[in-house]
>>> print(open('upload-v8.cif').read())   # mmCIF, C-alpha atoms and all ligand atoms
data_data
loop_
_atom_site.label_atom_id
_atom_site.label_comp_id
_atom_site.auth_asym_id
_atom_site.auth_seq_id
_atom_site.Cartn_x
_atom_site.Cartn_y
_atom_site.Cartn_z
CA MET A 1 14.19 -8.56 -13.43
CA LYS A 2 14.12 -10.46 -10.13
CA TYR A 3 10.90 -9.84 -8.21
CA PRO A 4 11.04 -10.39 -4.42
CA SER A 5 8.83 -13.18 -3.13
CA LEU A 6 6.22 -12.65 -0.40
CA ALA A 7 8.63 -14.19 2.13
CA ASP A 8 11.45 -11.87 0.92
CA TYR A 9 9.12 -8.89 1.37
CA LEU A 10 7.97 -9.90 4.85
CA ASN A 11 11.57 -10.49 5.95
CA GLN A 12 12.58 -7.11 4.53
CA GLN A 13 9.68 -5.58 6.50
CA ASN A 14 10.98 -7.33 9.67
CA THR A 15 7.55 -8.96 10.07
CA ALA A 16 7.54 -11.23 13.12
CA ALA A 17 7.88 -14.92 12.26
CA ASP A 18 4.49 -15.87 13.78
CA LEU A 19 2.64 -13.21 11.78
CA GLN A 20 4.61 -14.23 8.68
CA SER A 21 3.37 -17.81 9.14
CA VAL A 22 -0.25 -16.61 9.05
CA LEU A 23 0.19 -14.47 5.93
CA LEU A 24 2.23 -17.13 4.11
CA GLY A 25 -0.39 -19.72 5.07
CA LEU A 26 -3.25 -17.60 3.70
CA ALA A 27 -1.26 -17.02 0.50
CA ASP A 28 -0.73 -20.75 0.04
CA THR A 29 -4.42 -21.49 0.59
CA SER A 30 -5.41 -18.83 -1.93
CA ILE A 31 -3.37 -20.63 -4.60
CA ASN A 32 -5.51 -23.72 -4.06
CA ILE A 33 -8.68 -21.61 -4.20
CA SER A 34 -7.51 -20.07 -7.48
CA LYS A 35 -6.98 -23.57 -8.89
CA ALA A 36 -10.52 -24.60 -7.89
CA LEU A 37 -11.91 -21.43 -9.52
CA ALA A 38 -9.90 -22.05 -12.70
CA LYS A 39 -11.36 -25.54 -13.07
CA GLY A 40 -14.89 -24.12 -12.66
CA ALA A 41 -17.54 -26.24 -14.32
CA LEU A 42 -14.94 -28.90 -15.17
CA ALA A 43 -14.69 -29.73 -11.47
CA GLY A 44 -18.43 -29.47 -10.86
CA VAL A 45 -17.82 -26.64 -8.40
CA LEU A 46 -20.13 -23.99 -9.86
CA GLY A 47 -23.67 -23.34 -8.79
CA ALA A 48 -25.48 -23.37 -5.46
CA ALA A 49 -24.47 -25.47 -2.50
CA GLY A 50 -28.12 -25.93 -1.54
CA ALA A 51 -27.71 -24.25 1.87
CA GLU A 52 -27.89 -20.79 3.43
CA ASN A 53 -25.19 -19.11 5.52
CA VAL A 54 -25.72 -17.17 8.72
CA GLN A 55 -26.43 -14.11 6.58
CA GLY A 56 -29.44 -15.88 5.07
CA GLU A 57 -27.64 -15.94 1.71
CA ASP A 58 -27.64 -18.96 -0.60
CA GLN A 59 -24.17 -20.47 -0.44
CA LYS A 60 -22.36 -21.31 -3.65
CA LYS A 61 -20.39 -24.54 -3.78
CA LEU A 62 -17.19 -22.52 -4.06
CA ASP A 63 -18.13 -20.43 -1.00
CA VAL A 64 -18.12 -23.65 1.01
CA ILE A 65 -15.01 -25.07 -0.71
CA ALA A 66 -13.04 -21.85 -0.13
CA ASN A 67 -14.25 -21.55 3.45
CA ASP A 68 -13.25 -25.12 4.28
CA LEU A 69 -9.84 -24.77 2.61
CA ILE A 70 -9.04 -21.64 4.65
CA LYS A 71 -10.50 -23.02 7.90
CA ASN A 72 -8.61 -26.33 7.63
CA ASP A 73 -5.31 -24.69 6.65
CA LEU A 74 -5.46 -22.01 9.37
CA ALA A 75 -6.10 -24.75 11.94
CA THR A 76 -2.68 -26.23 11.11
CA LEU A 77 -0.88 -22.99 12.03
CA SER A 78 0.28 -22.85 15.65
CA ALA A 79 0.09 -19.04 15.55
CA VAL A 80 -3.68 -19.03 14.89
CA ARG A 81 -5.82 -19.12 18.03
CA GLY A 82 -9.17 -18.77 16.29
CA LEU A 83 -11.05 -17.70 13.19
CA ALA A 84 -14.32 -16.11 12.13
CA SER A 85 -15.79 -16.41 8.67
CA GLU A 86 -18.73 -15.02 6.73
CA GLU A 87 -19.69 -18.66 6.20
CA GLU A 88 -19.45 -19.70 9.86
CA THR A 89 -22.18 -18.79 12.36
CA ALA A 90 -19.82 -18.76 15.35
CA VAL A 91 -16.10 -18.25 15.90
CA VAL A 92 -13.97 -21.37 15.47
CA ALA A 93 -11.18 -22.32 17.89
CA CYS A 94 -7.87 -23.36 16.32
CA ASN A 95 -4.76 -23.53 18.53
CA LEU A 96 -5.43 -22.09 21.98
CA ASP A 97 -1.78 -21.05 22.47
CA GLY A 98 -1.79 -19.06 19.26
CA LYS A 99 -1.91 -15.28 19.48
CA PHE A 100 -3.64 -14.36 16.21
CA LEU A 101 -7.30 -14.26 15.27
CA VAL A 102 -8.22 -14.32 11.57
CA THR A 103 -11.51 -13.08 10.16
CA PHE A 104 -12.26 -13.66 6.50
CA ASP A 105 -14.73 -13.61 3.65
CA PRO A 106 -13.62 -16.75 1.82
CA LEU A 107 -15.15 -15.83 -1.52
CA ASP A 108 -16.31 -12.24 -1.89
CA GLY A 109 -18.45 -11.55 -4.93
CA SER A 110 -20.07 -14.99 -5.00
CA SER A 111 -22.76 -13.77 -7.40
CA ASN A 112 -19.95 -13.45 -9.98
CA ILE A 113 -18.79 -17.08 -9.75
CA ASP A 114 -21.22 -18.59 -12.26
CA ILE A 115 -20.54 -15.86 -14.84
CA ASN A 116 -16.74 -16.26 -14.66
CA SER A 117 -16.33 -12.74 -13.33
CA MET A 118 -14.02 -11.50 -10.60
CA VAL A 119 -14.18 -12.78 -7.03
CA GLY A 120 -11.78 -12.56 -4.10
CA THR A 121 -10.80 -13.61 -0.61
CA ILE A 122 -10.62 -10.93 2.10
CA PHE A 123 -8.79 -11.43 5.42
CA SER A 124 -8.02 -9.54 8.60
CA VAL A 125 -5.51 -10.49 11.31
CA LEU A 126 -6.02 -9.42 14.93
CA SER A 127 -4.05 -10.38 18.01
CA SER A 128 -5.36 -11.82 21.26
CA ASP A 129 -3.63 -12.33 24.59
CA ALA A 130 -6.54 -14.33 25.98
CA ASP A 131 -6.16 -17.91 27.14
CA GLY A 132 -8.70 -20.66 27.64
CA PRO A 133 -11.69 -21.14 25.34
CA VAL A 134 -11.90 -18.86 22.30
CA THR A 135 -14.77 -16.37 22.62
CA GLU A 136 -16.44 -14.00 20.17
CA SER A 137 -15.60 -11.07 22.43
CA GLU A 138 -11.86 -11.46 21.72
CA PHE A 139 -12.60 -10.71 18.05
CA LEU A 140 -14.62 -7.57 18.75
CA GLN A 141 -11.76 -5.09 18.27
CA ALA A 142 -11.87 -1.85 16.30
CA GLY A 143 -10.34 -2.13 12.83
CA ARG A 144 -7.54 0.21 13.84
CA HIS A 145 -6.11 -2.64 15.95
CA GLN A 146 -5.58 -4.99 12.99
CA LYS A 147 -2.05 -6.43 12.78
CA ALA A 148 -2.41 -7.13 9.07
CA ALA A 149 -5.09 -7.17 6.40
CA GLY A 150 -5.35 -8.11 2.78
CA TYR A 151 -7.15 -9.76 -0.06
CA VAL A 152 -6.57 -12.02 -3.02
CA LEU A 153 -8.23 -10.94 -6.27
CA TYR A 154 -8.85 -13.89 -8.60
CA GLY A 155 -8.76 -11.97 -11.86
CA PRO A 156 -6.86 -12.31 -15.13
CA SER A 157 -3.94 -12.45 -12.70
CA ALA A 158 -4.33 -13.73 -9.16
CA MET A 159 -3.06 -10.85 -7.03
CA LEU A 160 -2.36 -10.77 -3.30
CA VAL A 161 -2.55 -7.32 -1.70
CA ILE A 162 -1.49 -6.89 1.93
CA SER A 163 -0.52 -4.40 4.58
CA THR A 164 1.12 -4.97 7.97
CA GLY A 165 0.84 -1.28 8.78
CA ASN A 166 3.76 0.04 6.72
CA GLY A 167 2.09 0.80 3.40
CA VAL A 168 0.43 -1.52 0.90
CA ALA A 169 2.16 -4.15 -1.27
CA MET A 170 0.81 -5.96 -4.33
CA PHE A 171 1.98 -9.42 -5.40
CA THR A 172 1.21 -11.22 -8.65
CA LEU A 173 0.93 -15.01 -8.70
CA ASP A 174 3.42 -16.53 -11.15
CA PRO A 175 1.41 -19.54 -12.45
CA ASP A 176 4.61 -21.19 -13.70
CA THR A 177 6.15 -21.39 -10.22
CA GLY A 178 3.08 -21.05 -7.99
CA THR A 179 4.68 -18.15 -6.10
CA TYR A 180 3.50 -14.61 -5.35
CA LEU A 181 6.04 -12.03 -6.52
CA LEU A 182 6.13 -8.38 -5.44
CA THR A 183 5.01 -6.24 -8.38
CA ASP A 184 4.11 -2.93 -6.70
CA ASP A 185 4.71 -1.41 -3.27
CA GLN A 186 4.11 2.25 -4.07
CA ILE A 187 0.33 2.27 -3.63
CA ASN A 188 -1.19 5.71 -3.11
CA ILE A 189 -4.81 6.73 -3.68
CA PRO A 190 -5.03 10.26 -5.20
CA LYS A 191 -6.98 12.63 -2.93
CA GLU A 192 -9.42 13.57 -5.68
CA THR A 193 -11.16 11.47 -8.32
CA ALA A 194 -13.53 11.50 -11.27
CA GLU A 195 -14.69 7.90 -10.86
CA PHE A 196 -17.28 6.44 -8.48
CA SER A 197 -18.54 2.96 -7.77
CA VAL A 198 -22.06 2.17 -6.52
CA ASN A 199 -24.94 -0.13 -7.48
CA MET A 200 -27.21 2.51 -9.02
CA SER A 201 -30.23 0.15 -9.10
CA ASN A 202 -30.68 0.82 -5.38
CA GLN A 203 -30.84 4.61 -5.82
CA ARG A 204 -34.53 4.94 -4.91
CA HIS A 205 -33.89 3.15 -1.60
CA TRP A 206 -31.04 5.40 -0.37
CA ASP A 207 -31.42 8.18 2.17
CA PRO A 208 -31.94 11.64 0.61
CA ALA A 209 -28.38 12.78 1.37
CA MET A 210 -26.84 9.92 -0.62
CA GLN A 211 -29.39 10.40 -3.39
CA ARG A 212 -28.36 14.06 -3.66
CA TYR A 213 -24.63 13.29 -3.54
CA ILE A 214 -24.79 10.70 -6.32
CA SER A 215 -27.19 12.79 -8.44
CA GLU A 216 -24.70 15.68 -8.34
CA LEU A 217 -21.94 13.34 -9.54
CA MET A 218 -24.26 12.24 -12.35
CA ALA A 219 -24.99 15.90 -13.26
CA GLY A 220 -21.36 16.13 -14.41
CA LYS A 221 -19.70 19.28 -15.77
CA GLU A 222 -22.99 21.16 -16.03
CA GLY A 223 -23.91 20.31 -12.44
CA PRO A 224 -22.79 21.55 -8.99
CA ARG A 225 -19.59 19.48 -9.03
CA GLY A 226 -18.42 21.06 -12.29
CA LYS A 227 -16.81 17.94 -13.73
CA ASN A 228 -17.79 14.72 -15.43
CA TYR A 229 -17.56 11.46 -13.50
CA ASN A 230 -17.14 7.88 -14.75
CA MET A 231 -18.79 4.91 -13.01
CA ARG A 232 -17.74 1.29 -12.46
CA TRP A 233 -19.48 -1.54 -10.53
CA VAL A 234 -18.00 -5.07 -10.54
CA ALA A 235 -20.31 -6.37 -7.74
CA ALA A 236 -17.27 -7.76 -5.94
CA MET A 237 -15.85 -5.38 -3.33
CA VAL A 238 -12.38 -6.86 -3.80
CA ALA A 239 -12.35 -5.91 -7.50
CA ASP A 240 -13.75 -2.41 -6.93
CA VAL A 241 -11.32 -1.70 -4.08
CA HIS A 242 -8.42 -3.09 -6.14
CA ARG A 243 -9.28 -0.63 -8.93
CA ILE A 244 -9.33 2.20 -6.39
CA LEU A 245 -5.92 1.18 -5.00
CA CYS A 246 -4.60 1.08 -8.58
CA ARG A 247 -6.16 4.25 -10.10
CA GLY A 248 -8.22 5.99 -7.41
CA GLY A 249 -11.97 6.49 -7.07
CA LEU A 250 -14.79 6.41 -4.53
CA PHE A 251 -16.73 3.25 -3.61
CA THR A 252 -19.90 3.22 -1.59
CA TYR A 253 -22.46 0.66 -0.47
CA PRO A 254 -24.93 2.87 1.42
CA TRP A 255 -27.67 1.98 3.87
CA ASP A 256 -30.88 1.42 1.97
CA ALA A 257 -34.56 1.05 2.85
CA ARG A 258 -34.91 -2.49 1.44
CA LYS A 259 -33.79 -3.82 4.84
CA PRO A 260 -34.00 -0.68 7.02
CA GLU A 261 -33.09 -2.63 10.16
CA GLN A 262 -29.67 -3.42 8.62
CA ALA A 263 -27.00 -0.69 8.81
CA GLY A 264 -25.76 -1.76 5.38
CA LYS A 265 -24.96 -4.82 3.26
CA LEU A 266 -21.22 -5.08 3.84
CA ARG A 267 -19.77 -6.74 6.95
CA LEU A 268 -17.52 -4.80 9.29
CA MET A 269 -15.17 -7.51 10.56
CA TYR A 270 -14.20 -9.22 7.30
CA GLU A 271 -14.99 -6.72 4.54
CA ALA A 272 -15.00 -3.08 5.69
CA ASN A 273 -12.23 -3.31 8.30
CA PRO A 274 -9.62 -5.17 6.22
CA MET A 275 -10.38 -3.10 3.12
CA GLY A 276 -10.39 0.03 5.24
CA PHE A 277 -6.98 -0.82 6.70
CA LEU A 278 -5.55 -1.12 3.18
CA VAL A 279 -7.30 2.04 1.95
CA GLU A 280 -6.04 4.15 4.88
CA GLN A 281 -2.54 2.70 4.47
CA ALA A 282 -2.69 3.90 0.84
CA GLY A 283 -3.70 7.45 1.86
CA GLY A 284 -7.46 7.03 1.40
CA GLU A 285 -10.37 7.25 3.84
CA ILE A 286 -13.17 4.91 4.91
CA TRP A 287 -16.24 6.24 6.67
CA THR A 288 -19.86 5.60 7.43
CA PRO A 289 -21.89 8.85 7.18
CA GLU A 290 -21.35 9.13 10.96
CA GLY A 291 -17.65 8.45 11.43
CA LYS A 292 -14.45 6.59 10.59
CA ILE A 293 -15.07 2.87 10.17
CA LEU A 294 -11.76 1.76 11.71
CA ASP A 295 -12.79 3.42 14.98
CA ILE A 296 -16.05 1.43 15.31
CA GLN A 297 -16.21 -0.83 18.37
CA PRO A 298 -17.87 -3.98 16.95
CA ASP A 299 -20.98 -5.48 18.59
CA ASN A 300 -20.80 -8.85 16.84
CA ILE A 301 -18.68 -10.64 14.25
CA HIS A 302 -21.33 -10.42 11.50
CA GLN A 303 -22.13 -6.74 12.06
CA ARG A 304 -22.97 -4.77 8.92
CA VAL A 305 -22.02 -1.18 8.10
CA PRO A 306 -22.67 1.36 5.35
CA VAL A 307 -19.39 2.05 3.54
CA ILE A 308 -17.91 5.10 1.83
CA LEU A 309 -14.24 4.61 0.90
CA GLY A 310 -11.49 5.79 -1.42
CA ALA A 311 -10.14 9.19 -2.42
CA ALA A 312 -9.84 11.24 0.78
CA GLU A 313 -11.27 14.50 -0.57
CA GLU A 314 -14.18 12.78 -2.30
CA VAL A 315 -15.02 10.67 0.76
CA ASN A 316 -15.04 13.80 2.92
CA THR A 317 -17.30 15.53 0.38
CA CYS A 318 -19.73 12.57 0.37
CA VAL A 319 -19.82 12.49 4.18
CA SER A 320 -20.43 16.26 4.29
CA TYR A 321 -23.75 15.82 2.42
CA HIS A 322 -24.98 13.82 5.45
CA ASN A 323 -24.11 16.46 8.07
P1 LIG Z 1 -21.86 -11.57 -2.76
O1 LIG Z 1 -20.60 -12.18 -2.19
O2 LIG Z 1 -23.11 -12.08 -2.14
O3 LIG Z 1 -21.88 -11.57 -4.27
O4 LIG Z 1 -21.83 -10.02 -2.32
C1 LIG Z 1 -20.68 -9.29 -2.66
C2 LIG Z 1 -20.72 -8.02 -1.85
O5 LIG Z 1 -20.75 -8.33 -0.48
C3 LIG Z 1 -19.55 -7.10 -2.20
O6 LIG Z 1 -18.41 -7.81 -2.55
C4 LIG Z 1 -20.08 -6.28 -3.36
O7 LIG Z 1 -19.50 -4.99 -3.41
C5 LIG Z 1 -21.58 -6.20 -3.06
O8 LIG Z 1 -21.89 -7.29 -2.18
C6 LIG Z 1 -22.39 -6.35 -4.32
O9 LIG Z 1 -23.75 -6.19 -3.92
P2 LIG Z 1 -24.88 -6.13 -5.04
O10 LIG Z 1 -24.94 -7.51 -5.61
O11 LIG Z 1 -26.11 -5.72 -4.27
O12 LIG Z 1 -24.46 -5.10 -6.05
#
>>> encode(input="upload-v8.cif", output="structure tokens")
Amino acid sequence: MKYPSLADYLNQQNTAADLQSVLLGLADTSINISKALAKGALAGVLGAAGAENVQGEDQKKLDVIANDLIKNDLATLSAVRGLASEEETAVVACNLDGKFLVTFDPLDGSSNIDINSMVGTIFSVLSSDADGPVTESEFLQAGRHQKAAGYVLYGPSAMLVISTGNGVAMFTLDPDTGTYLLTDDQINIPKETAEFSVNMSNQRHWDPAMQRYISELMAGKEGPRGKNYNMRWVAAMVADVHRILCRGGLFTYPWDARKPEQAGKLRLMYEANPMGFLVEQAGGEIWTPEGKILDIQPDNIHQRVPVILGAAEEVNTCVSYHN
């Protein structure tokens, strides 16, 4: 069976050549990241980098390697005007005549690196008609304005998942040829689910509404929900969202009282928005307890949000506990 390549797919979607160049560039960079991950300890790339990022998180060597690979490769693309990264304090200017802005989490799930578990790269593509110096304010667009979004999951297979606003497509990296081949473009999240995804160890820190919602899932068939639920937690949003795109479910990273001044752990511009774009394109929903995430007007590029995403009916039920 002949599987279409990423370029075949983008041409078939009539994706503009400049946007194609950004997506094809990110795909190429991800292949190099997957090679660095595969070498792991053999290349001396595991462990801590000995520095903190703007989030105050200890950087892993591969966080820095992945960030630099993406930053350097994007800078070679004439279509890219600027970029913002979880690992960069400020926005970075690329080619001032370019019309696309790229935000990304170069290696999501860093705490999984040293245990050879799943990690990923998340990216979001916005457009800008500004000229002159690149400013943070150009990036501060609601997620609904994204021109494309996607991720690469470095799992047993490396898989690229993207949307340009006309559904979601999944590509599998053929290691023999080093090309991403289209393996699924019928991605739909069922409206209901019996599987949820949350880090239960934070339960005592959640607000009472989330505590009650999750406890009623845990009560199973004998409880108010009247059915048993399964739970999964990979500790890499890319892997948990990929599972939801493949077989449904609800994922949440709620606000918690450990850092009450923070709205949540996950970042709006390069985690929640790109994942939310994909989830909505696949028929799911993504909310904070107060409203749809893709409608949020960002205040800054490293803004955090509480996240509830996945099966539309289940997301709406979870949000309703907070009303
Ligand atoms: P790291 O990249 O620091 O491992 O964080 C990953 C993440 O941002 C997201 O991908 C996971 O869903 C979530 O944090 C895991 O958080 P916990 O480690 O608190 O479970």
>>> residues_near_ligand(input="upload-v8.cif", ligand="ligand LIG 1 (chain Z)", cutoff="8 Å", atoms="all atoms listed in the file", output="PyMOL selection string")
chain A and resi 57+107-112+119+198-199+233-238+240+253+265-267+271
>>> atom_distance(input="upload-v8.cif", atom1="atom CA of A:Gly44", atom2="atom CA of A:Asn32")
15.7 Å
>>> residues_around(input="upload-v8.cif", residues="A:Cys246", least_positions_apart="2", cutoff="8 Å", atoms="all atoms listed in the file", output="VMD selection string")
chain A and resid 187 to 189 242 to 244 248
>>> write_last_selection(input="upload-v8.cif", atoms="C-alpha atoms", output="mmCIF file, in the coordinates of the input")
data_model
loop_
_atom_site.group_PDB
_atom_site.id
_atom_site.type_symbol
_atom_site.label_atom_id
_atom_site.label_comp_id
_atom_site.auth_asym_id
_atom_site.auth_seq_id
_atom_site.Cartn_x
_atom_site.Cartn_y
_atom_site.Cartn_z
ATOM 1 C CA ILE A 187 0.330 2.270 -3.630
ATOM 2 C CA ASN A 188 -1.190 5.710 -3.110
ATOM 3 C CA ILE A 189 -4.810 6.730 -3.680
ATOM 4 C CA HIS A 242 -8.420 -3.090 -6.140
ATOM 5 C CA ARG A 243 -9.280 -0.630 -8.930
ATOM 6 C CA ILE A 244 -9.330 2.200 -6.390
ATOM 7 C CA GLY A 248 -8.220 5.990 -7.410
#
>>> closest_residue(input="upload-v8.cif", among="A:Ile162, A:Leu26, A:Val54, A:Ile286", to="A:Glu313", atoms="all atoms listed in the file")
A:Ile286
>>> atom_distance(input="upload-v8.cif", atom1="atom CA of A:Ser124", atom2="atom CA of A:Val152")
12.0 Å
>>> atom_distance(input="upload-v8.cif", atom1="atom CA of A:Leu182", atom2="atom CA of A:Pro274")
19.9 Å
>>> closest_residue(input="upload-v8.cif", among="A:Ala43, A:Asp256, A:Asp184, A:Glu88", to="A:Gln55", atoms="all atoms listed in the file")
A:Glu88
>>> build_atoms(input="upload-v8.cif", residues="stretch 61-71 of chain A", atoms="all heavy atoms", output="PDB file, in the frame of the given file")
ATOM      1  N   LYS A  61     -21.308 -23.435  -4.112  1.00  0.00           N
ATOM      2  CA  LYS A  61     -20.390 -24.540  -3.780  1.00  0.00           C
ATOM      3  C   LYS A  61     -18.993 -23.995  -3.481  1.00  0.00           C
ATOM      4  O   LYS A  61     -18.335 -24.412  -2.540  1.00  0.00           O
ATOM      5  CB  LYS A  61     -20.321 -25.523  -4.958  1.00  0.00           C
ATOM      6  CG  LYS A  61     -21.573 -26.356  -5.148  1.00  0.00           C
ATOM      7  CD  LYS A  61     -21.450 -27.227  -6.390  1.00  0.00           C
ATOM      8  CE  LYS A  61     -22.767 -27.954  -6.700  1.00  0.00           C
ATOM      9  NZ  LYS A  61     -22.747 -28.551  -8.068  1.00  0.00           N
ATOM     10  N   LEU A  62     -18.560 -23.016  -4.268  1.00  0.00           N
ATOM     11  CA  LEU A  62     -17.190 -22.520  -4.060  1.00  0.00           C
ATOM     12  C   LEU A  62     -17.062 -21.675  -2.794  1.00  0.00           C
ATOM     13  O   LEU A  62     -15.987 -21.564  -2.233  1.00  0.00           O
ATOM     14  CB  LEU A  62     -16.724 -21.728  -5.289  1.00  0.00           C
ATOM     15  CG  LEU A  62     -16.112 -22.608  -6.379  1.00  0.00           C
ATOM     16  CD1 LEU A  62     -15.970 -21.845  -7.696  1.00  0.00           C
ATOM     17  CD2 LEU A  62     -14.747 -23.151  -5.955  1.00  0.00           C
ATOM     18  N   ASP A  63     -18.168 -21.092  -2.321  1.00  0.00           N
ATOM     19  CA  ASP A  63     -18.130 -20.430  -1.000  1.00  0.00           C
ATOM     20  C   ASP A  63     -17.712 -21.445   0.052  1.00  0.00           C
ATOM     21  O   ASP A  63     -16.848 -21.205   0.886  1.00  0.00           O
ATOM     22  CB  ASP A  63     -19.538 -19.930  -0.614  1.00  0.00           C
ATOM     23  CG  ASP A  63     -19.930 -18.615  -1.257  1.00  0.00           C
ATOM     24  OD1 ASP A  63     -19.048 -17.750  -1.427  1.00  0.00           O
ATOM     25  OD2 ASP A  63     -21.120 -18.458  -1.590  1.00  0.00           O
ATOM     26  N   VAL A  64     -18.365 -22.609   0.002  1.00  0.00           N
ATOM     27  CA  VAL A  64     -18.120 -23.650   1.010  1.00  0.00           C
ATOM     28  C   VAL A  64     -16.727 -24.248   0.824  1.00  0.00           C
ATOM     29  O   VAL A  64     -15.977 -24.437   1.789  1.00  0.00           O
ATOM     30  CB  VAL A  64     -19.203 -24.749   0.904  1.00  0.00           C
ATOM     31  CG1 VAL A  64     -18.920 -25.879   1.885  1.00  0.00           C
ATOM     32  CG2 VAL A  64     -20.592 -24.151   1.150  1.00  0.00           C
ATOM     33  N   ILE A  65     -16.341 -24.495  -0.428  1.00  0.00           N
ATOM     34  CA  ILE A  65     -15.010 -25.070  -0.710  1.00  0.00           C
ATOM     35  C   ILE A  65     -13.916 -24.115  -0.209  1.00  0.00           C
ATOM     36  O   ILE A  65     -12.993 -24.513   0.517  1.00  0.00           O
ATOM     37  CB  ILE A  65     -14.845 -25.339  -2.210  1.00  0.00           C
ATOM     38  CG1 ILE A  65     -15.764 -26.491  -2.643  1.00  0.00           C
ATOM     39  CG2 ILE A  65     -13.378 -25.614  -2.566  1.00  0.00           C
ATOM     40  CD1 ILE A  65     -15.888 -26.648  -4.146  1.00  0.00           C
ATOM     41  N   ALA A  66     -14.051 -22.826  -0.550  1.00  0.00           N
ATOM     42  CA  ALA A  66     -13.040 -21.850  -0.130  1.00  0.00           C
ATOM     43  C   ALA A  66     -13.007 -21.718   1.380  1.00  0.00           C
ATOM     44  O   ALA A  66     -11.929 -21.678   2.001  1.00  0.00           O
ATOM     45  CB  ALA A  66     -13.330 -20.492  -0.777  1.00  0.00           C
ATOM     46  N   ASN A  67     -14.187 -21.670   1.994  1.00  0.00           N
ATOM     47  CA  ASN A  67     -14.250 -21.550   3.450  1.00  0.00           C
ATOM     48  C   ASN A  67     -13.556 -22.737   4.124  1.00  0.00           C
ATOM     49  O   ASN A  67     -12.750 -22.547   5.048  1.00  0.00           O
ATOM     50  CB  ASN A  67     -15.716 -21.500   3.900  1.00  0.00           C
ATOM     51  CG  ASN A  67     -15.850 -21.283   5.397  1.00  0.00           C
ATOM     52  OD1 ASN A  67     -15.452 -20.244   5.915  1.00  0.00           O
ATOM     53  ND2 ASN A  67     -16.356 -22.288   6.088  1.00  0.00           N
ATOM     54  N   ASP A  68     -13.842 -23.926   3.650  1.00  0.00           N
ATOM     55  CA  ASP A  68     -13.250 -25.120   4.280  1.00  0.00           C
ATOM     56  C   ASP A  68     -11.744 -25.194   4.055  1.00  0.00           C
ATOM     57  O   ASP A  68     -10.983 -25.569   4.961  1.00  0.00           O
ATOM     58  CB  ASP A  68     -13.952 -26.382   3.758  1.00  0.00           C
ATOM     59  CG  ASP A  68     -15.402 -26.475   4.241  1.00  0.00           C
ATOM     60  OD1 ASP A  68     -15.783 -25.664   5.130  1.00  0.00           O
ATOM     61  OD2 ASP A  68     -16.151 -27.332   3.743  1.00  0.00           O
ATOM     62  N   LEU A  69     -11.290 -24.777   2.869  1.00  0.00           N
ATOM     63  CA  LEU A  69      -9.840 -24.770   2.610  1.00  0.00           C
ATOM     64  C   LEU A  69      -9.131 -23.834   3.598  1.00  0.00           C
ATOM     65  O   LEU A  69      -8.130 -24.199   4.222  1.00  0.00           O
ATOM     66  CB  LEU A  69      -9.564 -24.321   1.175  1.00  0.00           C
ATOM     67  CG  LEU A  69      -9.769 -25.353   0.058  1.00  0.00           C
ATOM     68  CD1 LEU A  69      -9.707 -24.672  -1.315  1.00  0.00           C
ATOM     69  CD2 LEU A  69      -8.725 -26.466   0.154  1.00  0.00           C
ATOM     70  N   ILE A  70      -9.678 -22.622   3.758  1.00  0.00           N
ATOM     71  CA  ILE A  70      -9.040 -21.640   4.650  1.00  0.00           C
ATOM     72  C   ILE A  70      -9.122 -22.121   6.101  1.00  0.00           C
ATOM     73  O   ILE A  70      -8.118 -22.124   6.831  1.00  0.00           O
ATOM     74  CB  ILE A  70      -9.695 -20.259   4.498  1.00  0.00           C
ATOM     75  CG1 ILE A  70      -9.503 -19.728   3.078  1.00  0.00           C
ATOM     76  CG2 ILE A  70      -9.114 -19.269   5.518  1.00  0.00           C
ATOM     77  CD1 ILE A  70     -10.297 -18.467   2.761  1.00  0.00           C
ATOM     78  N   LYS A  71     -10.307 -22.574   6.512  1.00  0.00           N
ATOM     79  CA  LYS A  71     -10.500 -23.020   7.900  1.00  0.00           C
ATOM     80  C   LYS A  71      -9.552 -24.172   8.232  1.00  0.00           C
ATOM     81  O   LYS A  71      -8.852 -24.145   9.251  1.00  0.00           O
ATOM     82  CB  LYS A  71     -11.961 -23.461   8.077  1.00  0.00           C
ATOM     83  CG  LYS A  71     -12.369 -23.752   9.499  1.00  0.00           C
ATOM     84  CD  LYS A  71     -13.876 -23.896   9.642  1.00  0.00           C
ATOM     85  CE  LYS A  71     -14.427 -25.097   8.911  1.00  0.00           C
ATOM     86  NZ  LYS A  71     -15.835 -25.400   9.289  1.00  0.00           N
TER      87      LYS A  71
END
